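**Student:** Got a structure here, written out as structure tokens. Questions coming.
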Amino acid sequence: MYGKTIICLASSRKPPSGRCIAGKEYYGINVSKWIRPISARFSHEVSEEELSYKNGTKVQLLDIVSIPLLRATPFQHQTENHMLNNDYFWTKTGVADWNLITSCLDKFDPIFWGNSQSTFHGKNDKVEESIAINTGSSLKFILASDLIIRVHTENGYQGTPGRRRVRGLFTINRTPYIMSITDPEIENLYLSYRDGDYRIGEAALCISLVEVWNGFAFRVIASIITKQRCNKINGH
């Protein structure tokens, strides 16, 4: 057993009924590599019970949290995975402010961002399995200057009923991207709005290249952190 302290940069929804938690390792002064705690279940999601503190509260975005772990469990391109030790509670030690959040930003990685294909409603949001497994990482934290959140009713796949979806539009290195948003607070908020495009502007985004499905790994926006949201979490 060992522990890792991370800045929680994503707490996104993960089927069938859990969360994907991810963050940068934090030493009190410096931030380091990505850590993604996973469960022993086949789908690796973290349950609501597993992400609880001793007092019953849940891990939140931007929490600085110490997590008990058993072993590193890299899987395909998800090299950041570590197996949870469920015998111990997680421990909150603080909350990250905007300055700390921006110190977590990753440099542009052409291997991670290259070789893209597009889903029907997305753009540059999927990668072939043979390419994805050689990216060497599945998480990036970037600062977008032109984020737009789109709420739209999309046609279903192969004749299934359509449903309203929330996607993020942005550009990185002069390349446009449209990705599904799996940040549950952002998704639920914008589903309460009318269909349309909502211009956000500057935002820190956690991009996750999820596990392979039907021969492809899909890029999603696992969290959206604006300066205003960060200040609100910090009680400002």
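Residues are referred to by chain and number: the chain letter is A, B, ... according to the order shown in the structure tokens, the number counts from 1 in that chain, and ligands are numbered separately from 1 in the order shown.
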Find the residues of segment 108-153 of chain A that sit at most 10 Å from segment 27-38 of chain A; for each, write down the nearest two atoms and how far apart they are in Å, to one decimal. Count only C-alpha atoms. Sort by chain, then by number going up, and give it as JSON lines.
**Tutor:**
```
{"residue": "A:Ser137", "atom": "CA", "partner": "A:Trp34", "partner_atom": "CA", "distance": 8.9}
{"residue": "A:Ser138", "atom": "CA", "partner": "A:Trp34", "partner_atom": "CA", "distance": 9.3}
{"residue": "A:Leu139", "atom": "CA", "partner": "A:Trp34", "partner_atom": "CA", "distance": 7.4}
{"residue": "A:Lys140", "atom": "CA", "partner": "A:Trp34", "partner_atom": "CA", "distance": 8.7}
{"residue": "A:Phe141", "atom": "CA", "partner": "A:Trp34", "partner_atom": "CA", "distance": 9.8}
```
**Student:** What does the file look like for those residues with N, CA, C and O atoms, as a PDB file, in the first residue's frame?
**Tutor:**
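Below is the file that was written, out_10.pdb:
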```pdb
ATOM      1  N   SER A 137      -0.154   8.455 -22.962  1.00  0.00           N
ATOM      2  CA  SER A 137      -0.918   9.141 -21.913  1.00  0.00           C
ATOM      3  C   SER A 137      -2.364   9.256 -22.364  1.00  0.00           C
ATOM      4  O   SER A 137      -2.668   9.168 -23.551  1.00  0.00           O
ATOM      5  N   SER A 138      -3.239   9.453 -21.389  1.00  0.00           N
ATOM      6  CA  SER A 138      -4.665   9.582 -21.718  1.00  0.00           C
ATOM      7  C   SER A 138      -5.283  10.842 -21.135  1.00  0.00           C
ATOM      8  O   SER A 138      -6.493  11.043 -21.259  1.00  0.00           O
ATOM      9  N   LEU A 139      -4.475  11.694 -20.506  1.00  0.00           N
ATOM     10  CA  LEU A 139      -4.995  12.895 -19.853  1.00  0.00           C
ATOM     11  C   LEU A 139      -4.141  14.106 -20.202  1.00  0.00           C
ATOM     12  O   LEU A 139      -2.914  14.034 -20.178  1.00  0.00           O
ATOM     13  N   LYS A 140      -4.809  15.194 -20.507  1.00  0.00           N
ATOM     14  CA  LYS A 140      -4.132  16.466 -20.730  1.00  0.00           C
ATOM     15  C   LYS A 140      -4.957  17.579 -20.082  1.00  0.00           C
ATOM     16  O   LYS A 140      -6.193  17.536 -20.080  1.00  0.00           O
ATOM     17  N   PHE A 141      -4.258  18.577 -19.561  1.00  0.00           N
ATOM     18  CA  PHE A 141      -4.908  19.736 -18.943  1.00  0.00           C
ATOM     19  C   PHE A 141      -4.452  20.952 -19.715  1.00  0.00           C
ATOM     20  O   PHE A 141      -3.261  21.267 -19.757  1.00  0.00           O
TER      21      PHE A 141
END
```
**Student:** What lies within 10 Å of segment 234-236 of chain A using only C-alpha atoms, ignoring chain neighbours under 4 positions off, as a list of chain:residue names?
**Tutor:**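 Result of the neighbour search: A:Leu62, A:Asp63, A:Gly94, A:Val95, A:Ala96, A:Asp97, A:Trp98, A:Gln228, A:Arg229, A:Cys230.
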**Student:** Pull all heavy atoms from the residues just selected and write them as an mmCIF file, in the first residue's frame.
**Tutor:**
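Just written: selection24.cif:
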```cif
data_model
loop_
_atom_site.group_PDB
_atom_site.id
_atom_site.type_symbol
_atom_site.label_atom_id
_atom_site.label_comp_id
_atom_site.auth_asym_id
_atom_site.auth_seq_id
_atom_site.Cartn_x
_atom_site.Cartn_y
_atom_site.Cartn_z
ATOM 1 N N LEU A 62 -11.251 20.181 -7.619
ATOM 2 C CA LEU A 62 -10.263 21.099 -7.032
ATOM 3 C C LEU A 62 -9.832 20.716 -5.622
ATOM 4 O O LEU A 62 -8.942 21.356 -5.058
ATOM 5 C CB LEU A 62 -10.737 22.560 -7.041
ATOM 6 C CG LEU A 62 -11.180 23.151 -8.377
ATOM 7 C CD1 LEU A 62 -11.317 24.664 -8.254
ATOM 8 C CD2 LEU A 62 -10.231 22.788 -9.494
ATOM 9 N N ASP A 63 -10.429 19.681 -5.038
ATOM 10 C CA ASP A 63 -9.937 19.205 -3.742
ATOM 11 C C ASP A 63 -8.481 18.750 -3.876
ATOM 12 O O ASP A 63 -8.095 18.150 -4.886
ATOM 13 C CB ASP A 63 -10.768 18.024 -3.235
ATOM 14 C CG ASP A 63 -12.074 18.435 -2.575
ATOM 15 O OD1 ASP A 63 -12.342 19.646 -2.506
ATOM 16 O OD2 ASP A 63 -12.813 17.536 -2.133
ATOM 17 N N GLY A 94 -6.923 20.250 1.393
ATOM 18 C CA GLY A 94 -7.038 21.635 0.948
ATOM 19 C C GLY A 94 -7.872 21.733 -0.310
ATOM 20 O O GLY A 94 -8.471 20.755 -0.773
ATOM 21 N N VAL A 95 -7.915 22.953 -0.873
ATOM 22 C CA VAL A 95 -8.618 23.225 -2.126
ATOM 23 C C VAL A 95 -7.709 24.096 -2.991
ATOM 24 O O VAL A 95 -7.122 25.074 -2.495
ATOM 25 C CB VAL A 95 -9.963 23.941 -1.884
ATOM 26 C CG1 VAL A 95 -10.676 24.201 -3.209
ATOM 27 C CG2 VAL A 95 -10.857 23.123 -0.963
ATOM 28 N N ALA A 96 -7.582 23.759 -4.251
ATOM 29 C CA ALA A 96 -6.696 24.478 -5.150
ATOM 30 C C ALA A 96 -7.314 25.795 -5.610
ATOM 31 O O ALA A 96 -8.513 25.859 -5.902
ATOM 32 C CB ALA A 96 -6.370 23.619 -6.365
ATOM 33 N N ASP A 97 -6.490 26.858 -5.676
ATOM 34 C CA ASP A 97 -6.947 28.123 -6.224
ATOM 35 C C ASP A 97 -6.536 28.225 -7.697
ATOM 36 O O ASP A 97 -5.895 27.330 -8.251
ATOM 37 C CB ASP A 97 -6.410 29.303 -5.405
ATOM 38 C CG ASP A 97 -4.891 29.389 -5.377
ATOM 39 O OD1 ASP A 97 -4.226 28.733 -6.218
ATOM 40 O OD2 ASP A 97 -4.358 30.105 -4.517
ATOM 41 N N TRP A 98 -6.891 29.336 -8.327
ATOM 42 C CA TRP A 98 -6.648 29.480 -9.765
ATOM 43 C C TRP A 98 -5.163 29.434 -10.104
ATOM 44 O O TRP A 98 -4.764 28.821 -11.099
ATOM 45 C CB TRP A 98 -7.281 30.760 -10.268
ATOM 46 C CG TRP A 98 -7.156 30.958 -11.757
ATOM 47 C CD1 TRP A 98 -6.379 31.878 -12.399
ATOM 48 C CD2 TRP A 98 -7.820 30.208 -12.792
ATOM 49 N NE1 TRP A 98 -6.518 31.756 -13.757
ATOM 50 C CE2 TRP A 98 -7.400 30.743 -14.029
ATOM 51 C CE3 TRP A 98 -8.719 29.146 -12.778
ATOM 52 C CZ2 TRP A 98 -7.852 30.246 -15.251
ATOM 53 C CZ3 TRP A 98 -9.174 28.652 -13.998
ATOM 54 C CH2 TRP A 98 -8.741 29.197 -15.206
ATOM 55 N N GLN A 228 -14.024 31.896 -12.657
ATOM 56 C CA GLN A 228 -15.208 32.162 -11.840
ATOM 57 C C GLN A 228 -15.644 30.918 -11.070
ATOM 58 O O GLN A 228 -15.992 30.994 -9.883
ATOM 59 C CB GLN A 228 -16.366 32.664 -12.734
ATOM 60 C CG GLN A 228 -16.145 34.021 -13.371
ATOM 61 C CD GLN A 228 -15.186 33.996 -14.551
ATOM 62 O OE1 GLN A 228 -14.853 32.917 -15.071
ATOM 63 N NE2 GLN A 228 -14.744 35.168 -14.989
ATOM 64 N N ARG A 229 -15.617 29.767 -11.727
ATOM 65 C CA ARG A 229 -15.990 28.528 -11.038
ATOM 66 C C ARG A 229 -14.998 28.197 -9.948
ATOM 67 O O ARG A 229 -15.380 27.770 -8.841
ATOM 68 C CB ARG A 229 -16.084 27.375 -12.055
ATOM 69 C CG ARG A 229 -16.621 26.085 -11.445
ATOM 70 C CD ARG A 229 -16.661 24.953 -12.466
ATOM 71 N NE ARG A 229 -17.313 23.771 -11.902
ATOM 72 C CZ ARG A 229 -17.358 22.588 -12.517
ATOM 73 N NH1 ARG A 229 -16.793 22.424 -13.706
ATOM 74 N NH2 ARG A 229 -17.978 21.557 -11.935
ATOM 75 N N CYS A 230 -13.731 28.419 -10.230
ATOM 76 C CA CYS A 230 -12.689 28.170 -9.237
ATOM 77 C C CYS A 230 -12.893 29.057 -8.008
ATOM 78 O O CYS A 230 -12.814 28.586 -6.870
ATOM 79 C CB CYS A 230 -11.322 28.420 -9.849
ATOM 80 S SG CYS A 230 -9.944 28.100 -8.760
#
```
**Student:** From a DSSP calculation on the backbone, collect every residue of segment 57-126 of chain A in alpha helix (DSSP H) and output the set as a tab-separated table (two decimals) with N, CA, C and O atoms, in the first residue's frame.
**Tutor:**
```tsv
chain	number	residue	atom	x	y	z
A	98	TRP	N	-6.89	29.34	-8.33
A	98	TRP	CA	-6.65	29.48	-9.77
A	98	TRP	C	-5.16	29.43	-10.10
A	98	TRP	O	-4.76	28.82	-11.10
A	99	ASN	N	-4.33	30.04	-9.29
A	99	ASN	CA	-2.89	30.02	-9.57
A	99	ASN	C	-2.34	28.61	-9.54
A	99	ASN	O	-1.51	28.23	-10.38
A	100	LEU	N	-2.80	27.81	-8.58
A	100	LEU	CA	-2.35	26.43	-8.50
A	100	LEU	C	-2.89	25.62	-9.67
A	100	LEU	O	-2.18	24.78	-10.25
A	101	ILE	N	-4.14	25.89	-10.04
A	101	ILE	CA	-4.75	25.19	-11.17
A	101	ILE	C	-3.95	25.43	-12.45
A	101	ILE	O	-3.64	24.50	-13.20
A	102	THR	N	-3.61	26.68	-12.71
A	102	THR	CA	-2.90	26.99	-13.96
A	102	THR	C	-1.47	26.45	-13.96
A	102	THR	O	-0.88	26.25	-15.02
A	110	PRO	N	2.01	16.85	-29.53
A	110	PRO	CA	1.49	16.52	-30.87
A	110	PRO	C	1.11	15.06	-31.02
A	110	PRO	O	0.25	14.73	-31.85
A	111	ILE	N	1.71	14.16	-30.23
A	111	ILE	CA	1.34	12.75	-30.31
A	111	ILE	C	-0.07	12.54	-29.77
A	111	ILE	O	-0.89	11.83	-30.36
A	112	PHE	N	-0.37	13.18	-28.63
A	112	PHE	CA	-1.70	13.05	-28.03
A	112	PHE	C	-2.77	13.65	-28.94
A	112	PHE	O	-3.86	13.09	-29.08
A	113	TRP	N	-2.48	14.81	-29.54
A	113	TRP	CA	-3.49	15.54	-30.30
A	113	TRP	C	-3.56	15.15	-31.77
A	113	TRP	O	-4.47	15.56	-32.48
```
**Student:** Would you write out, as a tab-separated table, a table of all residues in segment 150-191 of chain A that have an atom no more than 10 Å from an atom of segment 195-212 of chain A, listing for each the closest atom pair and the distance in Å to one decimal, considering only C-alpha atoms and ordering rows by chain and rising residue number?
**Tutor:**
```
residue	atom	partner	partner_atom	distance
A:Arg150	CA	A:Asp197	CA	4.5
A:Val151	CA	A:Asp195	CA	4.7
A:His152	CA	A:Asp195	CA	5.1
A:Thr153	CA	A:Asp195	CA	7.5
A:Arg164	CA	A:Asp195	CA	8.3
A:Arg165	CA	A:Asp195	CA	9.3
A:Val166	CA	A:Asp195	CA	9.3
A:Arg167	CA	A:Asp197	CA	9.5
A:Gly168	CA	A:Asp197	CA	9.4
A:Leu169	CA	A:Asp197	CA	9.4
A:Phe170	CA	A:Gly201	CA	9.0
A:Met179	CA	A:Ile207	CA	9.2
A:Ile181	CA	A:Ile207	CA	9.5
A:Thr182	CA	A:Ser208	CA	9.7
A:Asp183	CA	A:Cys206	CA	9.5
A:Tyr190	CA	A:Asp195	CA	8.8
A:Leu191	CA	A:Asp195	CA	8.2
```
**Student:** Which residues come within 6 Å of segment 114-129 of chain A, counting only C-alpha atoms, excluding same-chain residues fewer than 4 positions away, as a ChimeraX atom specification?
**Tutor:** /A:110,177-179,215-219
**Student:** Please write the residues from the selection above to a file, keeping N, CA and C atoms, as a PDB file, in the first residue's frame.
**Tutor:**
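Output file again-v2.pdb is given in full below:
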```pdb
ATOM      1  N   PRO A 110       2.012  16.852 -29.535  1.00  0.00           N
ATOM      2  CA  PRO A 110       1.494  16.517 -30.871  1.00  0.00           C
ATOM      3  C   PRO A 110       1.105  15.056 -31.017  1.00  0.00           C
ATOM      4  N   TYR A 177     -11.825  21.477 -32.311  1.00  0.00           N
ATOM      5  CA  TYR A 177     -12.287  20.246 -31.663  1.00  0.00           C
ATOM      6  C   TYR A 177     -13.720  20.441 -31.174  1.00  0.00           C
ATOM      7  N   ILE A 178     -14.504  19.389 -31.267  1.00  0.00           N
ATOM      8  CA  ILE A 178     -15.830  19.324 -30.653  1.00  0.00           C
ATOM      9  C   ILE A 178     -15.905  18.001 -29.905  1.00  0.00           C
ATOM     10  N   MET A 179     -16.124  18.075 -28.579  1.00  0.00           N
ATOM     11  CA  MET A 179     -16.113  16.873 -27.749  1.00  0.00           C
ATOM     12  C   MET A 179     -17.303  16.843 -26.800  1.00  0.00           C
ATOM     13  N   GLY A 215     -13.041  -0.429 -31.252  1.00  0.00           N
ATOM     14  CA  GLY A 215     -11.871  -0.110 -32.054  1.00  0.00           C
ATOM     15  C   GLY A 215     -11.373   1.314 -31.980  1.00  0.00           C
ATOM     16  N   PHE A 216     -12.037   2.152 -31.146  1.00  0.00           N
ATOM     17  CA  PHE A 216     -11.639   3.560 -31.044  1.00  0.00           C
ATOM     18  C   PHE A 216     -11.609   4.003 -29.587  1.00  0.00           C
ATOM     19  N   ALA A 217     -10.724   4.945 -29.309  1.00  0.00           N
ATOM     20  CA  ALA A 217     -10.747   5.674 -28.042  1.00  0.00           C
ATOM     21  C   ALA A 217     -11.260   7.073 -28.346  1.00  0.00           C
ATOM     22  N   PHE A 218     -12.144   7.586 -27.486  1.00  0.00           N
ATOM     23  CA  PHE A 218     -12.789   8.867 -27.736  1.00  0.00           C
ATOM     24  C   PHE A 218     -12.278   9.919 -26.757  1.00  0.00           C
ATOM     25  N   ARG A 219     -12.030  11.109 -27.273  1.00  0.00           N
ATOM     26  CA  ARG A 219     -11.638  12.236 -26.432  1.00  0.00           C
ATOM     27  C   ARG A 219     -12.895  12.899 -25.877  1.00  0.00           C
TER      28      ARG A 219
END
```
**Student:** From a DSSP pass on the backbone, collect the residues of segment 17-210 of chain A flagged as strand (DSSP E) and hand them back as an MDAnalysis selection string.
**Tutor:** chainID A and resid 18:26 31:38 63:72 81:84 91:95 126:128 139:154 163:172 175:181 196:209
